Amino acid sequence: MKPFEVFISYSHADEWLKNELIQHLSALQRKELIDVWHDRLIPAGAILDADIDMHIHSADIVLLLISPAFIGSDYCFAKEYQIAAERHKSGEAEVVPILIRDCDWDVGGLRNFRALPTDAIPITRGAAARGEAERRDAAWLDVINGLKTVISNLKKKLTPPPIDDAYRGSLFEVDFIRHPQAQPFNEESIFIEPDLYFEQDKEQLTNLAQVVDRIIQHQATIITGDDRSGKSVLAKKIQVLLCERLVPAVLLKGAGISNVDIDAEIRKAISRQFGLSEFPNGGFTIIIDDFDECVLPDRVKELIIRKISHYARCVITSFSSAPTVLYTADDLPNPATFNINPFPNEKVLQLVRKWKSVGLPTSRLPTDVEVLQTFEKIQFIFGQTEIEKSPYSVITFLELLDSASGNDIAISSYAACYDSLIQSRLVNTGQEWKSFDEYKNFLSLVAYTAYVENADGAISRAKFEDCVNIFESQFLSSPSKLRKMAAPLFLKETAEGYSFSEDYLWFFLCARYVAKRLSKDDHRKYVEFVSNCTKNIFQKTFANIVIYIAYFNDDNFVISSLLKTLDGLFSKADDWILSDKSKAVIMGLATGDKLAVEAKSDVDANRVSLLREKIADIIENAEHVVARYTLPFLDAHIADSEFIEEINHQEINGDSYMKSVNALLRIHSVIGQILSGRSGTYGADVVMDCITKMVKASGRYASLNHSIAALLMYDKEGSIEEVQRTFTGENLTADEKYQKVMRIFAFWSVYMSQAGLARYLSQAHSIRALEKLSDKMEGEENRSADGFIPFNFTSVLLVARLYSDGKLDKNGIEAAIEKYGEHSSLLGLIRVAVHIYSYYMPMSIQDKQWISSTLKIPLRRIEVQRQKASLSKRIFAIDQSTGTDG
């Protein structure tokens with residue numbers, strides 16, 4: 001345990017007594033039990049109030065040297081003592097009054113604290129002269145002995161509590177995973193360490209210990225990942241590992257946070273997860289899983305973030321990095337951000353092996369042949385569905401294979417897996433096959449009723465019985481059979497009624513009812529339901545339900561609703577197209593004094609003030625820039641159709657921006673999955689309209705950042721002066737700092753809007769549509785009056801091909817160089833995309849050499865990519881035989 005920090009609060013009139021105390025504290029300091037701080041330790045040139053405030057807020061023990069001078073000092077009594085008393089009240093610090101001179105100290109609650117020396121006899125009573133130090137030694141020794149007791153008690157209090165055994169034992173038990181050898185299932189038994197990209201250090205982390213190291217180093221952490229990427233089990237593992245390192249952490253679910261009183265939720269969770277303990281609540285690390293599933297308004301979330309920032313540290317998992325906007329206030333910590341990468345083939349193989357080993361004795365572990373055969377089937381299914389490889393996608397397919405009992409697997413979409421799993425579960429429990437449709441229809445009604453009642457997968461007993469009665473009266477169903485089939489096969493019993501044991505099964509069945517029944521029986525409600533889903537698409541629940549509705553329905557209403565929402569995103573920004581005309585803004589390339597930059601979006605003086613206010617953040621943290629500086633363009637209380645003359649930045653909140661960014665990413669993801677899962681269903685005109693609007697929406701997002709960049713670059717001289725003034729210690733020239741600002745805007749406005757979109761359009765038919773759009777929109781006839789050709793579709797196409805099969809489209813890149821020139825901003829974007837991609841996927845030395853010579857990226861920069869472990873020869877052989885690239 002590190003030494004306790006001791007803060008000495010005293011009047012300078014008593015400095016000679018303070019010095020005597022420090023001498024008597026020297027033995028405790030030599031034993032490294034304490035570390036003493038007082039205001040005379042403030043270095044020359046430092047800000048007095050700031051240093052004092054920092055140390056009194058971090059001290060474990062505050063010593064108050066009580067005297068008439070102390071009581072009379074506004075600074076000592078009215079400020080330092082009040083801060084210390086508040087921190088004592090909250091359990092953050094121990095306050096010890098030390099009476100050094102006789103005085104009336106029955107004021108302000110001082111006598112509520114146990115004072116030293118014993119019996120509150122002042123140090124100087126009977127030995128008031130400075131030269132009588134030896135006569136005061138006994139009194140000081142009494143103080144030291146009293147402090148030893150305080151330190152001993154503090155040690156016990158601050159010893160991290162162990163996680164409760166019962167809570168730890170049930171933490172990983174889940175009933176939404178079904179395994180033939182284990183129920184309930186322990187998901188820790190198949191946990192595979194994820195690959196995470198650490199944004200701050202541009203570093204790939206391949207094991208959880210590395211991630212926990214970074215978490216301990218930062219006061220705030222945000223971990224992002226797609227749905228089913230394993231965020232929840234990762235949050236549990238982080239809690240366990242932190243506790244094992246004596247860093248107690250408490251875990252909350254975002255969906256369970258129902259009001260702003262997060263402290264009360266934390267207290268309940270600590271009691272449940274750790275039992276009774278004297279350990280101060282403020283010493284816990286707070287982990288909130290799926291924070292974007294918290295339905296509270298973002299202005300309330302901002303208050304929650306502010307509250308949890310006072311704890312030891314906080315970790316948030318989320319679908320996107322949108323929560324970073326909540327950390328933009330100057331007094332909040334800059335969060336470390338991580339992104340969970342898709343599973344590489346070797347980790348899919350590890351998961352398959354662990355799955356096949358569950359419940360088996362060591363003597364009967366599966367053979368390599370069994371594991372590899374299952375792995376090959378999994379690869380085949382991924383190839384059929386074109387779904388991204390994530391832990392729970394693999395688990396769903398493994399469940400499906402176990403349930404299929406050797407039947408042919410011919411899956412055309414991910415949603416079909418749930419249909420197959422439901423049917424397999426009915427088969428395996430001996431249900432009569434003639435009743436399968438009846439049971440599916442009943443479960444779908446229950447799922448929709450749960451949505452209407454609670455907007456989640458929970459249903460009251462009364463509503464459940466209503467569903468039973470409907471089927472009994474309308475379809476002559478057997479109530480007892482329906483109840484027996486539903487629970488516990490698909491529903492689990494709760495105190496209030498029932499709930500679906502798997503969120504994704506509830507999403508699927510709810511969508512099934514909406515698509516199959518509601519669309520035919522009550523079209524108005526169907527339209528309202530789909531419209532509500534697409535308007536709230538930034539939430540995981542609605543995003544998944546929309547995907548499954550599109551699986552069941554062939555109409556274009558879901559697509560048109562999504563596109564309507566997409567058209568409304570960032571609609572106050574002008575459309576933007578990638579071209580060399582604005583190369584300086586787009587790619588941050590070196591330019592001359594004449595900058596071809598236009599601020600197309602309306603930016604008033606108030607917004608300019610905001611942009612100028614925090615130049616520091618632009619250099620220090622790119623995510624904060626996007627979060628903070630696009631807020632002036634969006635306000636939750638302003639309709640997109642309104643023309644705004646002025647926005648008062650004091651009233652700006654994050655609702656509109658956060659939801660818009662999350663909605664943009666969700667819609668791209670949802671449309672990408674719908675198109676890939678239903679290829680051949682939607683006509684070419686629909687597909688190309690989708691892609692065109694996706695590109696335009698991403699462009700409007702980029703346009704916001706371009707307006708910001710334009711403001712900075714129109715006044716290059718003024719911007720350089722501000723950067724230079726703020727960053728005197730940076731080892732960069734003024735112009736280098738300025739260029740750094742440009743590159744940060746380049747990364748966010750272009751790479752995220754172009755390469756980020758390409759990830760969702762990396763399926764074969766989407767690539768064919770992009771090829772047609774590129775030919776149609778980027779021909780010579782589209783050249784502007786000043787000679788520039790736009791190439792949004794080409795940029796997305798080239799990156800989509802890269803993500804499609806993991807291979808460089810060398811012919812396409814060479815054709816782009818010939819058409820646009822090797823110095824075009826398009827090639828600058830491709831360089832960034834290829835370099836970042838090299839962090840995720842291994843490349844052959846031939847590819848690296850081609851990149852180095854063609855794209856002019858130094859080979860040493862490519863070599864810093866993460867070195868992935870090679871698959872065995874057998875895995876390589878399977879990859880070759882199935883046509884995968886690993």
# chains A, B, ... in the order shown; residues from 1 in each chain; ligands from 1
>>> residues_around(residues="Gln200 in chain A", least_positions_apart="3", cutoff="9 Å", atoms="only C-alpha atoms", output="ChimeraX atom specification")
/A:203,336-338,621
>>> select_by_dssp(residues="range 129-249 of chain A", states="strand (DSSP E or B)", output="list of chain:residue names")
A:Glu173, A:Val174, A:His179, A:Ala182, A:Phe185, A:Asn186, A:Leu196, A:Tyr197, A:Phe198, A:Glu203, A:Gln204, A:Leu205, A:Ala220, A:Thr221, A:Ile222, A:Ile223, A:Thr224, A:Ala249
>>> write_last_selection(atoms="N, CA and C atoms", output="PDB file, in the first residue's frame")
ATOM      1  N   GLU A 173     -22.848 -16.883 -15.117  1.00  0.00           N
ATOM      2  CA  GLU A 173     -23.901 -17.856 -15.429  1.00  0.00           C
ATOM      3  C   GLU A 173     -25.001 -17.168 -16.236  1.00  0.00           C
ATOM      4  N   VAL A 174     -25.287 -17.703 -17.416  1.00  0.00           N
ATOM      5  CA  VAL A 174     -26.302 -17.120 -18.291  1.00  0.00           C
ATOM      6  C   VAL A 174     -27.197 -18.231 -18.821  1.00  0.00           C
ATOM      7  N   HIS A 179     -26.080 -24.989 -24.268  1.00  0.00           N
ATOM      8  CA  HIS A 179     -25.036 -25.939 -24.640  1.00  0.00           C
ATOM      9  C   HIS A 179     -25.512 -27.338 -24.245  1.00  0.00           C
ATOM     10  N   ALA A 182     -24.091 -28.274 -20.717  1.00  0.00           N
ATOM     11  CA  ALA A 182     -24.095 -27.370 -19.561  1.00  0.00           C
ATOM     12  C   ALA A 182     -25.270 -26.418 -19.625  1.00  0.00           C
ATOM     13  N   PHE A 185     -25.401 -22.019 -18.353  1.00  0.00           N
ATOM     14  CA  PHE A 185     -24.095 -21.999 -18.998  1.00  0.00           C
ATOM     15  C   PHE A 185     -23.208 -20.947 -18.357  1.00  0.00           C
ATOM     16  N   ASN A 186     -21.919 -21.260 -18.195  1.00  0.00           N
ATOM     17  CA  ASN A 186     -20.941 -20.318 -17.665  1.00  0.00           C
ATOM     18  C   ASN A 186     -20.141 -19.760 -18.844  1.00  0.00           C
ATOM     19  N   LEU A 196      -8.311  -5.391 -29.028  1.00  0.00           N
ATOM     20  CA  LEU A 196      -8.825  -4.025 -28.916  1.00  0.00           C
ATOM     21  C   LEU A 196      -7.812  -3.041 -29.479  1.00  0.00           C
ATOM     22  N   TYR A 197      -8.342  -2.038 -30.168  1.00  0.00           N
ATOM     23  CA  TYR A 197      -7.505  -0.979 -30.704  1.00  0.00           C
ATOM     24  C   TYR A 197      -7.547   0.202 -29.745  1.00  0.00           C
ATOM     25  N   PHE A 198      -6.387   0.583 -29.221  1.00  0.00           N
ATOM     26  CA  PHE A 198      -6.270   1.670 -28.256  1.00  0.00           C
ATOM     27  C   PHE A 198      -6.021   2.959 -29.022  1.00  0.00           C
ATOM     28  N   GLU A 203      -2.482   1.716 -30.795  1.00  0.00           N
ATOM     29  CA  GLU A 203      -1.858   0.446 -30.421  1.00  0.00           C
ATOM     30  C   GLU A 203      -2.893  -0.670 -30.422  1.00  0.00           C
ATOM     31  N   GLN A 204      -2.481  -1.833 -30.906  1.00  0.00           N
ATOM     32  CA  GLN A 204      -3.344  -3.005 -30.910  1.00  0.00           C
ATOM     33  C   GLN A 204      -3.049  -3.846 -29.662  1.00  0.00           C
ATOM     34  N   LEU A 205      -4.059  -4.085 -28.832  1.00  0.00           N
ATOM     35  CA  LEU A 205      -3.886  -4.873 -27.622  1.00  0.00           C
ATOM     36  C   LEU A 205      -4.556  -6.222 -27.815  1.00  0.00           C
ATOM     37  N   ALA A 220     -10.776   7.658 -16.734  1.00  0.00           N
ATOM     38  CA  ALA A 220     -11.988   7.346 -17.501  1.00  0.00           C
ATOM     39  C   ALA A 220     -11.618   6.538 -18.727  1.00  0.00           C
ATOM     40  N   THR A 221     -12.429   5.531 -19.037  1.00  0.00           N
ATOM     41  CA  THR A 221     -12.190   4.658 -20.184  1.00  0.00           C
ATOM     42  C   THR A 221     -13.512   4.398 -20.889  1.00  0.00           C
ATOM     43  N   ILE A 222     -13.497   4.426 -22.213  1.00  0.00           N
ATOM     44  CA  ILE A 222     -14.673   4.058 -23.003  1.00  0.00           C
ATOM     45  C   ILE A 222     -14.273   2.931 -23.949  1.00  0.00           C
ATOM     46  N   ILE A 223     -15.027   1.826 -23.920  1.00  0.00           N
ATOM     47  CA  ILE A 223     -14.781   0.676 -24.787  1.00  0.00           C
ATOM     48  C   ILE A 223     -15.960   0.554 -25.735  1.00  0.00           C
ATOM     49  N   THR A 224     -15.699   0.629 -27.032  1.00  0.00           N
ATOM     50  CA  THR A 224     -16.775   0.555 -28.013  1.00  0.00           C
ATOM     51  C   THR A 224     -16.701  -0.755 -28.785  1.00  0.00           C
ATOM     52  N   ALA A 249     -13.958  -2.942  -8.175  1.00  0.00           N
ATOM     53  CA  ALA A 249     -14.779  -2.373  -9.240  1.00  0.00           C
ATOM     54  C   ALA A 249     -16.197  -2.902  -9.112  1.00  0.00           C
TER      55      ALA A 249
END
>>> atom_distance(atom1="CA of Arg425 in chain A", atom2="CA of Ser499 in chain A")
17.5 Å
>>> residues_around(residues="Ala697 in chain A", least_positions_apart="6", cutoff="7 Å", atoms="only C-alpha atoms", output="PyMOL selection string")
chain A and resi 566-567+569
>>> closest_residue(among="A:Gly756, A:Gly430, A:Gly812, A:Gly821", to="Tyr837 in chain A", atoms="only C-alpha atoms")
A:Gly756
>>> closest_atom_pairs(of="range 96-201 of chain A", to="range 396-401 of chain A", cutoff="12 Å", atoms="only C-alpha atoms", output="tab-separated table")
residue	atom	partner	partner_atom	distance
A:Phe176	CA	A:Thr396	CA	10.1
A:Ile177	CA	A:Glu399	CA	7.9
A:Arg178	CA	A:Glu399	CA	6.7
A:His179	CA	A:Glu399	CA	6.8
A:Pro180	CA	A:Glu399	CA	8.7
A:Gln181	CA	A:Glu399	CA	11.6
A:Ile190	CA	A:Leu398	CA	12.0
>>> residues_around(residues="Gly282 in chain A", least_positions_apart="5", cutoff="12 Å", atoms="only C-alpha atoms", output="PyMOL selection string")
chain A and resi 58+87-93+158+160+247-250+263+266-267+270+307-314
>>> residues_around(residues="Asn792 in chain A", least_positions_apart="6", cutoff="9 Å", atoms="only C-alpha atoms", output="list in words")
Ile577, Leu578, Ser579, Val695, Lys696, Gly699, Gln754, Ser774, Met777, Glu778 and Leu826 of chain A
>>> closest_residue(among="A:Met688, A:Ile545, A:Val446, A:Leu855", to="Phe500 in chain A", atoms="only C-alpha atoms")
A:Val446
>>> residues_around(residues="Asp35 in chain A", least_positions_apart="3", cutoff="8 Å", atoms="only C-alpha atoms", output="tab-separated table (two decimals) with all heavy atoms, in the first residue's frame")
chain	number	residue	atom	x	y	z
A	3	PRO	N	2.12	5.16	0.64
A	3	PRO	CA	2.00	5.99	1.84
A	3	PRO	C	0.73	6.83	1.81
A	3	PRO	O	0.28	7.26	0.74
A	3	PRO	CB	3.25	6.88	1.77
A	3	PRO	CG	4.21	6.15	0.91
A	3	PRO	CD	3.38	5.41	-0.10
A	4	PHE	N	0.16	7.08	2.98
A	4	PHE	CA	-1.01	7.95	3.07
A	4	PHE	C	-0.55	9.40	2.93
A	4	PHE	O	0.46	9.81	3.51
A	4	PHE	CB	-1.72	7.77	4.41
A	4	PHE	CG	-2.35	6.41	4.57
A	4	PHE	CD1	-1.89	5.52	5.53
A	4	PHE	CD2	-3.39	6.02	3.75
A	4	PHE	CE1	-2.46	4.27	5.67
A	4	PHE	CE2	-3.97	4.76	3.88
A	4	PHE	CZ	-3.50	3.88	4.84
A	5	GLU	N	-1.30	10.17	2.15
A	5	GLU	CA	-0.97	11.58	1.98
A	5	GLU	C	-1.55	12.38	3.14
A	5	GLU	O	-2.74	12.32	3.42
A	5	GLU	CB	-1.52	12.11	0.65
A	5	GLU	CG	-1.09	13.55	0.39
A	5	GLU	CD	-1.54	14.06	-0.98
A	5	GLU	OE1	-1.86	13.22	-1.84
A	5	GLU	OE2	-1.60	15.29	-1.14
A	6	VAL	N	-0.67	13.13	3.82
A	6	VAL	CA	-1.07	13.93	4.97
A	6	VAL	C	-0.99	15.41	4.58
A	6	VAL	O	0.06	15.88	4.14
A	6	VAL	CB	-0.17	13.66	6.20
A	6	VAL	CG1	-0.53	14.60	7.34
A	6	VAL	CG2	-0.32	12.20	6.64
A	29	GLN	N	7.46	9.02	8.21
A	29	GLN	CA	7.80	9.22	6.80
A	29	GLN	C	8.89	8.25	6.36
A	29	GLN	O	8.84	7.70	5.26
A	29	GLN	CB	8.26	10.66	6.57
A	29	GLN	CG	7.12	11.67	6.60
A	29	GLN	CD	7.59	13.07	6.22
A	29	GLN	OE1	8.12	13.79	7.06
A	29	GLN	NE2	7.40	13.45	4.99
A	32	GLU	N	7.76	5.06	5.40
A	32	GLU	CA	6.91	5.17	4.21
A	32	GLU	C	5.44	4.89	4.53
A	32	GLU	O	4.69	4.32	3.71
A	32	GLU	CB	7.40	4.25	3.08
A	32	GLU	CG	8.79	4.63	2.59
A	32	GLU	CD	9.24	3.80	1.39
A	32	GLU	OE1	8.56	2.80	1.09
A	32	GLU	OE2	10.23	4.18	0.76
>>> atom_distance(atom1="CA of Tyr682 in chain A", atom2="CA of Leu664 in chain A")
21.4 Å
>>> residues_around(residues="Ile395 in chain A", least_positions_apart="6", cutoff="9 Å", atoms="only C-alpha atoms", output="ChimeraX atom specification")
/A:177,351-352,355
>>> write_last_selection(atoms="C-alpha atoms", output="short mmCIF file (atom, residue, chain, number, x, y, z; two decimals), in the first residue's frame")
data_model
loop_
_atom_site.label_atom_id
_atom_site.label_comp_id
_atom_site.auth_asym_id
_atom_site.auth_seq_id
_atom_site.Cartn_x
_atom_site.Cartn_y
_atom_site.Cartn_z
CA ILE A 177 -26.53 -19.59 -24.22
CA LEU A 351 -13.73 -20.50 -29.31
CA VAL A 352 -14.79 -23.61 -31.22
CA TRP A 355 -17.13 -24.86 -26.86
#
>>> atom_distance(atom1="CA of Ile537 in chain A", atom2="CA of Phe291 in chain A")
15.4 Å
